[in-house]
file target.cif (mmCIF, C-alpha atoms)
data_start
loop_
_atom_site.group_PDB
_atom_site.id
_atom_site.type_symbol
_atom_site.label_atom_id
_atom_site.label_comp_id
_atom_site.auth_asym_id
_atom_site.auth_seq_id
_atom_site.Cartn_x
_atom_site.Cartn_y
_atom_site.Cartn_z
ATOM 1 C CA MET M 1 33.340 49.340 143.236
ATOM 2 C CA LYS M 2 33.666 48.661 139.522
ATOM 3 C CA ARG M 3 30.458 48.585 137.495
ATOM 4 C CA GLN M 4 30.408 47.082 133.991
ATOM 5 C CA LYS M 5 27.588 47.277 131.437
ATOM 6 C CA SER M 6 28.782 44.878 128.769
ATOM 7 C CA PHE M 7 26.596 46.082 125.901
ATOM 8 C CA GLU M 8 26.894 49.828 126.407
ATOM 9 C CA LYS M 9 30.508 50.221 125.400
ATOM 10 C CA THR M 10 32.450 49.196 122.300
ATOM 11 C CA GLY M 11 36.168 49.048 121.711
ATOM 12 C CA ALA M 12 38.828 47.566 123.947
ATOM 13 C CA ALA M 13 37.530 44.568 125.887
ATOM 14 C CA LEU M 14 38.475 41.021 126.828
ATOM 15 C CA TYR M 15 36.012 38.317 125.746
ATOM 16 C CA LEU M 16 36.142 34.921 127.486
ATOM 17 C CA VAL M 17 34.922 32.634 124.723
ATOM 18 C CA ALA M 18 33.829 29.060 125.425
ATOM 19 C CA THR M 19 34.635 26.589 122.646
ATOM 20 C CA PRO M 20 33.321 23.050 121.966
ATOM 21 C CA ILE M 21 34.572 20.219 124.189
ATOM 22 C CA GLY M 22 34.316 17.694 121.371
ATOM 23 C CA ASN M 23 31.277 18.306 119.197
ATOM 24 C CA LEU M 24 31.832 21.245 116.847
ATOM 25 C CA GLU M 25 28.078 21.667 116.421
ATOM 26 C CA GLU M 26 28.044 23.170 119.916
ATOM 27 C CA MET M 27 29.981 26.249 118.795
ATOM 28 C CA THR M 28 27.503 29.097 119.260
ATOM 29 C CA PRO M 29 26.754 31.746 116.603
ATOM 30 C CA ARG M 30 27.717 34.455 119.091
ATOM 31 C CA ALA M 31 31.082 32.820 119.782
ATOM 32 C CA ILE M 32 31.803 32.632 116.045
ATOM 33 C CA ALA M 33 30.813 36.276 115.589
ATOM 34 C CA VAL M 34 33.010 37.455 118.458
ATOM 35 C CA LEU M 35 36.037 35.498 117.230
ATOM 36 C CA LYS M 36 35.604 37.109 113.799
ATOM 37 C CA GLN M 37 35.133 40.626 115.166
ATOM 38 C CA VAL M 38 37.942 40.909 117.737
ATOM 39 C CA ASP M 39 41.394 42.119 116.781
ATOM 40 C CA VAL M 40 43.302 39.274 118.440
ATOM 41 C CA ILE M 41 42.559 35.766 119.732
ATOM 42 C CA ALA M 42 44.723 34.610 122.661
ATOM 43 C CA ALA M 43 44.789 30.812 122.735
ATOM 44 C CA GLU M 44 46.068 28.162 125.140
ATOM 45 C CA ASP M 45 47.416 26.163 122.170
ATOM 46 C CA THR M 46 47.478 27.960 118.830
ATOM 47 C CA ARG M 47 47.699 24.670 116.912
ATOM 48 C CA ASN M 48 44.434 23.371 118.351
ATOM 49 C CA THR M 49 42.679 26.714 118.047
ATOM 50 C CA ARG M 50 43.792 27.164 114.434
ATOM 51 C CA LYS M 51 41.925 23.971 113.516
ATOM 52 C CA LEU M 52 38.785 25.407 115.109
ATOM 53 C CA LEU M 53 39.201 28.750 113.334
ATOM 54 C CA THR M 54 39.772 27.046 109.979
ATOM 55 C CA HIS M 55 36.590 25.007 110.399
ATOM 56 C CA PHE M 56 34.520 28.156 110.972
ATOM 57 C CA ASP M 57 36.386 30.282 108.394
ATOM 58 C CA ILE M 58 37.770 32.670 111.003
ATOM 59 C CA HIS M 59 40.933 34.568 110.043
ATOM 60 C CA THR M 60 41.589 36.694 113.134
ATOM 61 C CA LYS M 61 45.183 37.109 114.308
ATOM 62 C CA LEU M 62 46.135 34.316 116.741
ATOM 63 C CA ILE M 63 48.668 34.515 119.586
ATOM 64 C CA ALA M 64 49.648 32.149 122.412
ATOM 65 C CA HIS M 65 48.538 32.667 126.008
ATOM 66 C CA HIS M 66 49.258 29.727 128.318
ATOM 67 C CA LYS M 67 50.597 29.018 131.795
ATOM 68 C CA TYR M 68 54.226 29.035 130.621
ATOM 69 C CA ASN M 69 54.123 32.553 129.134
ATOM 70 C CA GLU M 70 51.303 33.998 131.231
ATOM 71 C CA ALA M 71 53.257 36.854 132.827
ATOM 72 C CA ALA M 72 54.749 38.188 129.586
ATOM 73 C CA SER M 73 51.562 37.535 127.635
ATOM 74 C CA THR M 74 49.412 39.373 130.178
ATOM 75 C CA HIS M 75 51.628 42.435 129.823
ATOM 76 C CA GLY M 76 51.379 42.250 126.029
ATOM 77 C CA LEU M 77 47.607 41.834 126.044
ATOM 78 C CA LEU M 78 47.193 44.861 128.305
ATOM 79 C CA GLU M 79 49.251 46.895 125.838
ATOM 80 C CA LEU M 80 46.870 45.812 123.060
ATOM 81 C CA LEU M 81 43.889 46.923 125.145
ATOM 82 C CA ASP M 82 45.609 50.251 125.827
ATOM 83 C CA ALA M 83 45.908 50.639 122.054
ATOM 84 C CA GLY M 84 42.140 50.173 121.714
ATOM 85 C CA LYS M 85 42.223 46.560 120.512
ATOM 86 C CA SER M 86 39.686 43.913 121.489
ATOM 87 C CA ILE M 87 40.809 40.418 122.540
ATOM 88 C CA ALA M 88 39.148 37.010 122.751
ATOM 89 C CA LEU M 89 40.602 34.454 125.172
ATOM 90 C CA VAL M 90 40.042 30.762 124.392
ATOM 91 C CA SER M 91 41.294 27.507 125.877
ATOM 92 C CA ASP M 92 41.714 24.200 124.062
ATOM 93 C CA ALA M 93 38.108 23.253 124.860
ATOM 94 C CA GLY M 94 35.322 24.509 127.079
ATOM 95 C CA TYR M 95 35.363 27.639 129.202
ATOM 96 C CA PRO M 96 38.603 29.554 129.824
ATOM 97 C CA LEU M 97 39.595 29.718 133.521
ATOM 98 C CA ILE M 98 37.799 26.436 134.376
ATOM 99 C CA SER M 99 40.912 24.299 135.014
ATOM 100 C CA ASP M 100 42.510 26.317 132.187
ATOM 101 C CA PRO M 101 44.620 29.504 131.983
ATOM 102 C CA GLY M 102 43.017 32.919 132.232
ATOM 103 C CA GLU M 103 42.685 34.036 135.865
ATOM 104 C CA ARG M 104 45.738 36.279 135.769
ATOM 105 C CA ILE M 105 44.820 38.149 132.605
ATOM 106 C CA THR M 106 41.163 38.460 133.647
ATOM 107 C CA LYS M 107 42.056 40.089 136.977
ATOM 108 C CA ALA M 108 44.636 42.336 135.322
ATOM 109 C CA VAL M 109 42.124 43.512 132.707
ATOM 110 C CA ILE M 110 39.494 44.265 135.370
ATOM 111 C CA ASP M 111 42.070 46.136 137.470
ATOM 112 C CA ALA M 112 43.012 48.156 134.376
ATOM 113 C CA GLY M 113 39.396 49.221 133.933
ATOM 114 C CA TYR M 114 38.504 47.312 130.767
ATOM 115 C CA PRO M 115 35.373 45.149 130.357
ATOM 116 C CA VAL M 116 35.615 41.373 130.696
ATOM 117 C CA ILE M 117 32.726 39.777 128.802
ATOM 118 C CA PRO M 118 31.850 36.040 128.983
ATOM 119 C CA ILE M 119 30.579 34.303 125.828
ATOM 120 C CA SER M 120 28.584 31.242 126.886
ATOM 121 C CA GLY M 121 29.203 27.736 125.610
ATOM 122 C CA ALA M 122 30.123 24.167 126.426
ATOM 123 C CA ASN M 123 31.456 23.109 129.813
ATOM 124 C CA ALA M 124 32.288 19.503 130.720
ATOM 125 C CA MET M 125 31.739 19.975 134.442
ATOM 126 C CA LEU M 126 28.163 21.223 134.050
ATOM 127 C CA ASN M 127 27.320 18.604 131.414
ATOM 128 C CA ALA M 128 28.441 15.841 133.779
ATOM 129 C CA LEU M 129 26.601 17.309 136.766
ATOM 130 C CA VAL M 130 23.186 17.725 135.181
ATOM 131 C CA ALA M 131 23.250 14.219 133.659
ATOM 132 C CA SER M 132 24.733 12.495 136.725
ATOM 133 C CA GLY M 133 21.470 11.727 138.482
ATOM 134 C CA LEU M 134 22.940 13.162 141.700
ATOM 135 C CA VAL M 135 21.850 16.283 143.584
ATOM 136 C CA THR M 136 22.712 19.268 141.390
ATOM 137 C CA GLN M 137 22.485 22.050 143.967
ATOM 138 C CA PRO M 138 24.559 22.948 145.819
ATOM 139 C CA PHE M 139 27.701 21.587 144.184
ATOM 140 C CA LEU M 140 31.427 22.140 144.564
ATOM 141 C CA PHE M 141 33.693 22.025 141.526
ATOM 142 C CA TYR M 142 37.210 21.055 142.587
ATOM 143 C CA GLY M 143 38.939 20.374 139.261
ATOM 144 C CA PHE M 144 42.075 18.216 139.288
ATOM 145 C CA LEU M 145 43.176 16.666 142.577
ATOM 146 C CA PRO M 146 46.922 16.467 143.338
ATOM 147 C CA SER M 147 48.499 13.554 141.484
ATOM 148 C CA HIS M 148 50.640 12.295 144.386
ATOM 149 C CA THR M 149 48.809 9.997 146.798
ATOM 150 C CA LYS M 150 49.838 11.718 150.024
ATOM 151 C CA GLU M 151 48.742 15.182 148.865
ATOM 152 C CA GLN M 152 45.591 13.787 147.282
ATOM 153 C CA MET M 153 44.581 12.016 150.491
ATOM 154 C CA LYS M 154 45.014 15.262 152.446
ATOM 155 C CA GLU M 155 42.715 17.077 150.035
ATOM 156 C CA LEU M 156 40.123 14.312 150.163
ATOM 157 C CA GLN M 157 40.175 14.453 153.963
ATOM 158 C CA LEU M 158 39.413 18.180 153.764
ATOM 159 C CA LEU M 159 36.552 17.502 151.357
ATOM 160 C CA ARG M 160 35.172 14.487 153.201
ATOM 161 C CA GLU M 161 32.470 16.289 155.205
ATOM 162 C CA TYR M 162 31.363 18.706 152.502
ATOM 163 C CA PRO M 163 27.613 18.162 151.960
ATOM 164 C CA GLN M 164 27.741 19.482 148.403
ATOM 165 C CA THR M 165 27.941 17.235 145.361
ATOM 166 C CA LEU M 166 31.636 17.148 144.415
ATOM 167 C CA ILE M 167 32.937 17.411 140.846
ATOM 168 C CA PHE M 168 36.455 16.470 139.753
ATOM 169 C CA TYR M 169 38.449 16.272 136.544
ATOM 170 C CA GLU M 170 40.853 13.338 136.329
ATOM 171 C CA ALA M 171 43.205 11.749 133.806
ATOM 172 C CA PRO M 172 42.285 8.192 132.715
ATOM 173 C CA HIS M 173 45.564 6.665 133.929
ATOM 174 C CA ARG M 174 44.998 8.093 137.436
ATOM 175 C CA MET M 175 41.283 7.361 137.812
ATOM 176 C CA GLU M 176 41.662 3.916 139.417
ATOM 177 C CA LYS M 177 44.050 5.206 142.084
ATOM 178 C CA THR M 178 41.863 8.240 142.762
ATOM 179 C CA LEU M 179 38.791 6.043 143.235
ATOM 180 C CA ASP M 180 40.782 3.790 145.594
ATOM 181 C CA ASN M 181 41.638 6.841 147.670
ATOM 182 C CA MET M 182 38.043 8.063 147.638
ATOM 183 C CA LEU M 183 36.849 4.666 148.814
ATOM 184 C CA THR M 184 39.226 4.902 151.748
ATOM 185 C CA VAL M 185 38.312 8.463 152.744
ATOM 186 C CA PHE M 186 34.700 8.890 151.605
ATOM 187 C CA GLY M 187 33.471 5.339 151.824
ATOM 188 C CA ASP M 188 31.413 3.800 149.039
ATOM 189 C CA ARG M 189 29.333 6.774 147.909
ATOM 190 C CA GLU M 190 27.152 7.190 144.847
ATOM 191 C CA CYS M 191 28.968 8.684 141.892
ATOM 192 C CA CYS M 192 28.875 9.187 138.154
ATOM 193 C CA LEU M 193 31.833 8.958 135.802
ATOM 194 C CA ALA M 194 31.210 10.884 132.576
ATOM 195 C CA ARG M 195 33.647 10.469 129.733
ATOM 196 C CA GLU M 196 34.081 11.727 126.170
ATOM 197 C CA LEU M 197 31.290 14.267 126.659
ATOM 198 C CA THR M 198 29.575 15.447 123.449
ATOM 199 C CA LYS M 199 31.722 13.050 121.391
ATOM 200 C CA ARG M 200 30.691 9.873 119.582
ATOM 201 C CA HIS M 201 31.720 7.621 122.481
ATOM 202 C CA GLU M 202 30.056 9.709 125.218
ATOM 203 C CA GLU M 203 29.312 7.488 128.192
ATOM 204 C CA PHE M 204 27.944 7.821 131.740
ATOM 205 C CA LEU M 205 28.732 5.202 134.396
ATOM 206 C CA ARG M 206 26.420 5.640 137.379
ATOM 207 C CA GLY M 207 26.754 3.607 140.577
ATOM 208 C CA GLN M 208 28.847 3.238 143.717
ATOM 209 C CA ILE M 209 32.508 4.283 143.782
ATOM 210 C CA SER M 210 33.492 0.612 144.128
ATOM 211 C CA GLU M 211 31.501 -0.343 141.030
ATOM 212 C CA ILE M 212 33.076 2.374 138.897
ATOM 213 C CA ARG M 213 36.511 1.543 140.263
ATOM 214 C CA ASP M 214 36.172 -2.082 139.114
ATOM 215 C CA VAL M 215 35.710 -1.113 135.453
ATOM 216 C CA CYS M 216 37.609 2.163 135.067
ATOM 217 C CA GLU M 217 40.967 0.562 134.222
ATOM 218 C CA THR M 218 39.837 -0.056 130.633
ATOM 219 C CA LEU M 219 38.297 3.385 130.091
ATOM 220 C CA ARG M 220 39.926 6.140 128.062
ATOM 221 C CA GLY M 221 39.205 9.733 127.086
ATOM 222 C CA GLU M 222 38.412 12.977 128.891
ATOM 223 C CA MET M 223 36.758 12.246 132.250
ATOM 224 C CA VAL M 224 34.615 14.051 134.803
ATOM 225 C CA LEU M 225 33.805 12.424 138.152
ATOM 226 C CA VAL M 226 30.715 13.519 140.093
ATOM 227 C CA VAL M 227 30.500 12.251 143.703
ATOM 228 C CA SER M 228 27.631 12.603 146.166
ATOM 229 C CA GLY M 229 28.250 14.841 149.170
ATOM 230 C CA TYR M 230 28.663 13.940 152.824
ATOM 231 C CA GLN M 231 25.646 12.468 154.576
ATOM 232 C CA LYS M 232 26.252 12.215 158.294
ATOM 233 C CA GLU M 233 24.200 9.081 158.866
ATOM 234 C CA LYS M 234 26.035 7.270 156.069
ATOM 235 C CA ASP M 235 29.560 8.661 156.402
ATOM 236 C CA GLN M 236 30.173 8.984 160.127
ATOM 237 C CA ALA M 237 33.282 6.789 160.098
ATOM 238 C CA LEU M 238 36.154 6.116 157.762
ATOM 239 C CA ASP M 239 35.685 3.081 155.544
ATOM 240 C CA MET M 240 37.915 0.804 157.635
ATOM 241 C CA PRO M 241 37.489 -2.285 155.417
ATOM 242 C CA ALA M 242 38.866 -0.227 152.539
ATOM 243 C CA ILE M 243 41.799 0.889 154.690
ATOM 244 C CA TYR M 244 42.485 -2.712 155.729
ATOM 245 C CA ALA M 245 42.388 -3.739 152.060
ATOM 246 C CA ARG M 246 44.913 -1.005 151.301
ATOM 247 C CA ILE M 247 47.240 -2.387 154.011
ATOM 248 C CA ASP M 248 46.861 -5.925 152.646
ATOM 249 C CA ARG M 249 47.710 -4.677 149.171
ATOM 250 C CA TYR M 250 50.895 -3.007 150.397
ATOM 251 C CA ILE M 251 51.880 -6.215 152.233
ATOM 252 C CA ASN M 252 51.282 -8.212 149.052
ATOM 253 C CA GLU M 253 53.500 -5.738 147.220
ATOM 254 C CA GLY M 254 56.366 -6.532 149.598
ATOM 255 C CA CYS M 255 55.968 -4.156 152.549
ATOM 256 C CA SER M 256 56.212 -5.451 156.088
ATOM 257 C CA SER M 257 53.036 -5.234 158.171
ATOM 258 C CA LYS M 258 54.471 -2.302 160.119
ATOM 259 C CA GLU M 259 55.519 -0.448 156.962
ATOM 260 C CA ALA M 260 52.151 -1.056 155.285
ATOM 261 C CA ILE M 261 50.209 0.258 158.287
ATOM 262 C CA LYS M 262 52.426 3.329 158.577
ATOM 263 C CA LYS M 263 52.027 4.070 154.875
ATOM 264 C CA ALA M 264 48.234 3.669 154.973
ATOM 265 C CA ALA M 265 47.943 5.776 158.130
ATOM 266 C CA THR M 266 49.951 8.600 156.565
ATOM 267 C CA GLU M 267 47.910 8.530 153.360
ATOM 268 C CA CYS M 268 44.570 8.445 155.213
ATOM 269 C CA GLY M 269 45.501 11.055 157.802
ATOM 270 C CA ILE M 270 44.823 8.837 160.822
ATOM 271 C CA SER M 271 46.820 7.682 163.850
ATOM 272 C CA LYS M 272 49.422 5.042 163.035
ATOM 273 C CA ASN M 273 49.159 3.473 166.485
ATOM 274 C CA GLU M 274 45.356 3.381 166.412
ATOM 275 C CA LEU M 275 45.343 1.856 162.938
ATOM 276 C CA TYR M 276 47.904 -0.766 164.020
ATOM 277 C CA LYS M 277 45.651 -1.729 166.918
ATOM 278 C CA GLN M 278 42.454 -1.860 164.836
ATOM 279 C CA TYR M 279 44.082 -3.753 161.974
ATOM 280 C CA HIS M 280 45.401 -6.536 164.213
ATOM 281 C CA GLU M 281 42.146 -6.697 166.188
ATOM 282 C CA GLN M 282 40.200 -7.377 163.008
ATOM 283 C CA LEU M 283 42.754 -10.023 161.978
ATOM 284 C CA ASN M 284 42.187 -11.845 165.284
ATOM 285 C CA SER M 285 38.428 -11.457 165.322
#
call {"tool": "encode", "arguments": {"input": "target.cif", "output": "structure tokens"}}
result
Amino acid sequence: MKRQKSFEKTGAALYLVATPIGNLEEMTPRAIAVLKQVDVIAAEDTRNTRKLLTHFDIHTKLIAHHKYNEAASTHGLLELLDAGKSIALVSDAGYPLISDPGERITKAVIDAGYPVIPISGANAMLNALVASGLVTQPFLFYGFLPSHTKEQMKELQLLREYPQTLIFYEAPHRMEKTLDNMLTVFGDRECCLARELTKRHEEFLRGQISEIRDVCETLRGEMVLVVSGYQKEKDQALDMPAIYARIDRYINEGCSSKEAIKKAATECGISKNELYKQYHEQLNS
């Protein structure tokens, strides 16, 4: 067992410092103080972080720590700790490690016996959750789903019967497709799309997945999607009308009926033969 008392020891330590996700007024006094006091700041993107440091008149040495140099950087940061230096880790916005780099260095620092100290601050996922109007506890934060449809559908199938409120990050240009896939797997659940959190154009769209899907094509900015969890009485079956609509769309795009059904069955993780039968039965009904 490793026991850490964060305020009883000074010297070499790694500070995980949350930074504003848009509104600079949300930078905490403690975060500013820590960034001024440490020996080195390790940043996901030094260009973005330098703007933040300039705004708050912070002149601490800045180095890069991101997913492309993580192995070498982790080794270098451990050497700094061994030399008695203190380090602050920051991402471009929000909390390090939450869909951002930092897990590797954090584990390595703990294994090496140095303190890892979190410095509270802004987090887009929590902001979206508490303002969503959906159940806030328990919740499951997933982060970014796979971008390819087949892999995304597999993940959504795994998540389908989770009773917890689900939270996702998604890029604007992929949101429409992701909501289409959720409609197919989850059915038309309640959700909230939060975008541009803490910024001038902050907006919350609350409603059914289908309602958000119909307007999301024109939306831009950083996005968080909060989706209600599985309710057995509401979600006992796949949303077959949505699956049939997916097949029709593929046919309209030039696929044969057989190809469209096979494609939809693969994406939705269901039997191709059973879907073929159900699709043609509903056409003849």
call {"tool": "closest_residue", "arguments": {"input": "target.cif", "among": "M:Ala242, M:Ala194, M:Leu53, M:Leu78", "to": "M:Cys268", "atoms": "all atoms listed in the file"}}
result
M:Ala242
call {"tool": "resolve_selection", "arguments": {"input": "target.cif", "expression": "the PyMOL selection byres ((chain M and resi 185) around 8)", "output": "VMD selection string"}}
result
chain M and resid 153 156 to 157 160 181 to 184 186 to 187 238 to 239 268
call {"tool": "write_last_selection", "arguments": {"input": "target.cif", "atoms": "C-alpha atoms", "output": "PDB file, keeping the file's coordinate frame"}}
result
ATOM      1  CA  MET M 153      44.581  12.016 150.491  1.00  0.00           C
ATOM      2  CA  LEU M 156      40.123  14.312 150.163  1.00  0.00           C
ATOM      3  CA  GLN M 157      40.175  14.453 153.963  1.00  0.00           C
ATOM      4  CA  ARG M 160      35.172  14.487 153.201  1.00  0.00           C
ATOM      5  CA  ASN M 181      41.638   6.841 147.670  1.00  0.00           C
ATOM      6  CA  MET M 182      38.043   8.063 147.638  1.00  0.00           C
ATOM      7  CA  LEU M 183      36.849   4.666 148.814  1.00  0.00           C
ATOM      8  CA  THR M 184      39.226   4.902 151.748  1.00  0.00           C
ATOM      9  CA  PHE M 186      34.700   8.890 151.605  1.00  0.00           C
ATOM     10  CA  GLY M 187      33.471   5.339 151.824  1.00  0.00           C
ATOM     11  CA  LEU M 238      36.154   6.116 157.762  1.00  0.00           C
ATOM     12  CA  ASP M 239      35.685   3.081 155.544  1.00  0.00           C
ATOM     13  CA  CYS M 268      44.570   8.445 155.213  1.00  0.00           C
TER      14      CYS M 268
END
call {"tool": "atom_distance", "arguments": {"input": "target.cif", "atom1": "atom CA of M:Glu202", "atom2": "atom CA of M:Val135"}}
result
21.2 Å
call {"tool": "resolve_selection", "arguments": {"input": "target.cif", "expression": "the PyMOL selection byres ((chain M and resi 37) around 12)", "output": "VMD selection string"}}
result
chain M and resid 10 to 13 15 30 to 36 38 to 41 58 to 61 85 to 88
call {"tool": "atom_distance", "arguments": {"input": "target.cif", "atom1": "atom CA of M:Met125", "atom2": "atom CA of M:Val17"}}
result
16.3 Å
call {"tool": "closest_residue", "arguments": {"input": "target.cif", "among": "M:Ile261, M:Leu166, M:Leu275, M:Val227", "to": "M:Arg189", "atoms": "all atoms listed in the file"}}
result
M:Val227
call {"tool": "atom_distance", "arguments": {"input": "target.cif", "atom1": "atom CA of M:Lys67", "atom2": "atom CA of M:Pro96"}}
result
12.2 Å
call {"tool": "resolve_selection", "arguments": {"input": "target.cif", "expression": "the PyMOL selection byres ((chain M and resi 252-260) around 12)", "output": "VMD selection string"}}
result
chain M and resid 243 to 251 261 to 267 272 to 273 275 to 277 279 to 280 283
call {"tool": "write_last_selection", "arguments": {"input": "target.cif", "atoms": "C-alpha atoms", "output": "CSV table (one decimal), in the coordinates of the input"}}
result
chain,number,residue,atom,x,y,z
M,243,ILE,CA,41.8,0.9,154.7
M,244,TYR,CA,42.5,-2.7,155.7
M,245,ALA,CA,42.4,-3.7,152.1
M,246,ARG,CA,44.9,-1.0,151.3
M,247,ILE,CA,47.2,-2.4,154.0
M,248,ASP,CA,46.9,-5.9,152.6
M,249,ARG,CA,47.7,-4.7,149.2
M,250,TYR,CA,50.9,-3.0,150.4
M,251,ILE,CA,51.9,-6.2,152.2
M,261,ILE,CA,50.2,0.3,158.3
M,262,LYS,CA,52.4,3.3,158.6
M,263,LYS,CA,52.0,4.1,154.9
M,264,ALA,CA,48.2,3.7,155.0
M,265,ALA,CA,47.9,5.8,158.1
M,266,THR,CA,50.0,8.6,156.6
M,267,GLU,CA,47.9,8.5,153.4
M,272,LYS,CA,49.4,5.0,163.0
M,273,ASN,CA,49.2,3.5,166.5
M,275,LEU,CA,45.3,1.9,162.9
M,276,TYR,CA,47.9,-0.8,164.0
M,277,LYS,CA,45.7,-1.7,166.9
M,279,TYR,CA,44.1,-3.8,162.0
M,280,HIS,CA,45.4,-6.5,164.2
M,283,LEU,CA,42.8,-10.0,162.0
call {"tool": "closest_residue", "arguments": {"input": "target.cif", "among": "M:Leu197, M:Ala42, M:Leu140, M:Ala112", "to": "M:Phe168", "atoms": "all atoms listed in the file"}}
result
M:Leu140
call {"tool": "residues_near_point", "arguments": {"input": "target.cif", "point": "(31.8, 3.0, 137.4)", "cutoff": "12 Å", "atoms": "only C-alpha atoms", "output": "PDB file with C-alpha atoms, in the coordinates of the input"}}
result
ATOM      1  CA  SER M 132      24.733  12.495 136.725  1.00  0.00           C
ATOM      2  CA  MET M 175      41.283   7.361 137.812  1.00  0.00           C
ATOM      3  CA  GLU M 176      41.662   3.916 139.417  1.00  0.00           C
ATOM      4  CA  LEU M 179      38.791   6.043 143.235  1.00  0.00           C
ATOM      5  CA  ASP M 188      31.413   3.800 149.039  1.00  0.00           C
ATOM      6  CA  ARG M 189      29.333   6.774 147.909  1.00  0.00           C
ATOM      7  CA  GLU M 190      27.152   7.190 144.847  1.00  0.00           C
ATOM      8  CA  CYS M 191      28.968   8.684 141.892  1.00  0.00           C
ATOM      9  CA  CYS M 192      28.875   9.187 138.154  1.00  0.00           C
ATOM     10  CA  LEU M 193      31.833   8.958 135.802  1.00  0.00           C
ATOM     11  CA  ALA M 194      31.210  10.884 132.576  1.00  0.00           C
ATOM     12  CA  ARG M 195      33.647  10.469 129.733  1.00  0.00           C
ATOM     13  CA  GLU M 203      29.312   7.488 128.192  1.00  0.00           C
ATOM     14  CA  PHE M 204      27.944   7.821 131.740  1.00  0.00           C
ATOM     15  CA  LEU M 205      28.732   5.202 134.396  1.00  0.00           C
ATOM     16  CA  ARG M 206      26.420   5.640 137.379  1.00  0.00           C
ATOM     17  CA  GLY M 207      26.754   3.607 140.577  1.00  0.00           C
ATOM     18  CA  GLN M 208      28.847   3.238 143.717  1.00  0.00           C
ATOM     19  CA  ILE M 209      32.508   4.283 143.782  1.00  0.00           C
ATOM     20  CA  SER M 210      33.492   0.612 144.128  1.00  0.00           C
ATOM     21  CA  GLU M 211      31.501  -0.343 141.030  1.00  0.00           C
ATOM     22  CA  ILE M 212      33.076   2.374 138.897  1.00  0.00           C
ATOM     23  CA  ARG M 213      36.511   1.543 140.263  1.00  0.00           C
ATOM     24  CA  ASP M 214      36.172  -2.082 139.114  1.00  0.00           C
ATOM     25  CA  VAL M 215      35.710  -1.113 135.453  1.00  0.00           C
ATOM     26  CA  CYS M 216      37.609   2.163 135.067  1.00  0.00           C
ATOM     27  CA  GLU M 217      40.967   0.562 134.222  1.00  0.00           C
ATOM     28  CA  THR M 218      39.837  -0.056 130.633  1.00  0.00           C
ATOM     29  CA  LEU M 219      38.297   3.385 130.091  1.00  0.00           C
ATOM     30  CA  MET M 223      36.758  12.246 132.250  1.00  0.00           C
ATOM     31  CA  VAL M 224      34.615  14.051 134.803  1.00  0.00           C
ATOM     32  CA  LEU M 225      33.805  12.424 138.152  1.00  0.00           C
ATOM     33  CA  VAL M 226      30.715  13.519 140.093  1.00  0.00           C
ATOM     34  CA  VAL M 227      30.500  12.251 143.703  1.00  0.00           C
TER      35      VAL M 227
END
call {"tool": "closest_residue", "arguments": {"input": "target.cif", "among": "M:Phe56, M:Tyr68, M:Tyr142, M:Phe7", "to": "M:Pro29", "atoms": "all atoms listed in the file"}}
result
M:Phe56
call {"tool": "closest_residue", "arguments": {"input": "target.cif", "among": "M:Ala71, M:Leu158, M:Met240, M:Ala93", "to": "M:Asn48", "atoms": "all atoms listed in the file"}}
result
M:Ala93
call {"tool": "closest_residue", "arguments": {"input": "target.cif", "among": "M:Glu281, M:Lys2, M:Tyr95, M:Glu25", "to": "M:His55", "atoms": "only C-alpha atoms"}}
result
M:Glu25
call {"tool": "residues_around", "arguments": {"input": "target.cif", "residues": "M:Gln4", "least_positions_apart": "2", "cutoff": "12 Å", "atoms": "only C-alpha atoms", "output": "PyMOL selection string"}}
result
chain M and resi 1-2+6-9+13+110+113-117
call {"tool": "residues_around", "arguments": {"input": "target.cif", "residues": "M:Ile105", "least_positions_apart": "5", "cutoff": "10 Å", "atoms": "only C-alpha atoms", "output": "MDAnalysis selection string"}}
result
chainID M and resid 14 65 70:71 73:75 77:78 89 97 110:111 116
call {"tool": "write_last_selection", "arguments": {"input": "target.cif", "atoms": "C-alpha atoms", "output": "short mmCIF file (atom, residue, chain, number, x, y, z; two decimals), keeping the file's coordinate frame"}}
result
data_model
loop_
_atom_site.label_atom_id
_atom_site.label_comp_id
_atom_site.auth_asym_id
_atom_site.auth_seq_id
_atom_site.Cartn_x
_atom_site.Cartn_y
_atom_site.Cartn_z
CA LEU M 14 38.48 41.02 126.83
CA HIS M 65 48.54 32.67 126.01
CA GLU M 70 51.30 34.00 131.23
CA ALA M 71 53.26 36.85 132.83
CA SER M 73 51.56 37.53 127.64
CA THR M 74 49.41 39.37 130.18
CA HIS M 75 51.63 42.44 129.82
CA LEU M 77 47.61 41.83 126.04
CA LEU M 78 47.19 44.86 128.30
CA LEU M 89 40.60 34.45 125.17
CA LEU M 97 39.60 29.72 133.52
CA ILE M 110 39.49 44.26 135.37
CA ASP M 111 42.07 46.14 137.47
CA VAL M 116 35.62 41.37 130.70
#
call {"tool": "decode", "arguments": {"input": "target.cif", "residues": "stretch 91-105 of chain M", "atoms": "C-alpha atoms", "output": "JSON list (two decimals), in the first residue's frame"}}
result
[["chain", "number", "residue", "atom", "x", "y", "z"],
["M", 91, "SER", "CA", -3.74, 19.69, -20.96],
["M", 92, "ASP", "CA", -5.10, 22.13, -23.54],
["M", 93, "ALA", "CA", -8.26, 22.62, -21.47],
["M", 94, "GLY", "CA", -9.94, 20.99, -18.50],
["M", 95, "TYR", "CA", -8.54, 18.18, -16.38],
["M", 96, "PRO", "CA", -5.46, 16.22, -17.49],
["M", 97, "LEU", "CA", -6.13, 12.49, -18.02],
["M", 98, "ILE", "CA", -9.84, 13.06, -18.86],
["M", 99, "SER", "CA", -9.66, 12.19, -22.59],
["M", 100, "ASP", "CA", -6.21, 13.84, -22.50],
["M", 101, "PRO", "CA", -2.63, 12.61, -21.94],
["M", 102, "GLY", "CA", -1.33, 11.91, -18.46],
["M", 103, "GLU", "CA", -2.13, 8.34, -17.37],
["M", 104, "ARG", "CA", 1.33, 7.01, -18.14],
["M", 105, "ILE", "CA", 3.27, 9.69, -16.29]]
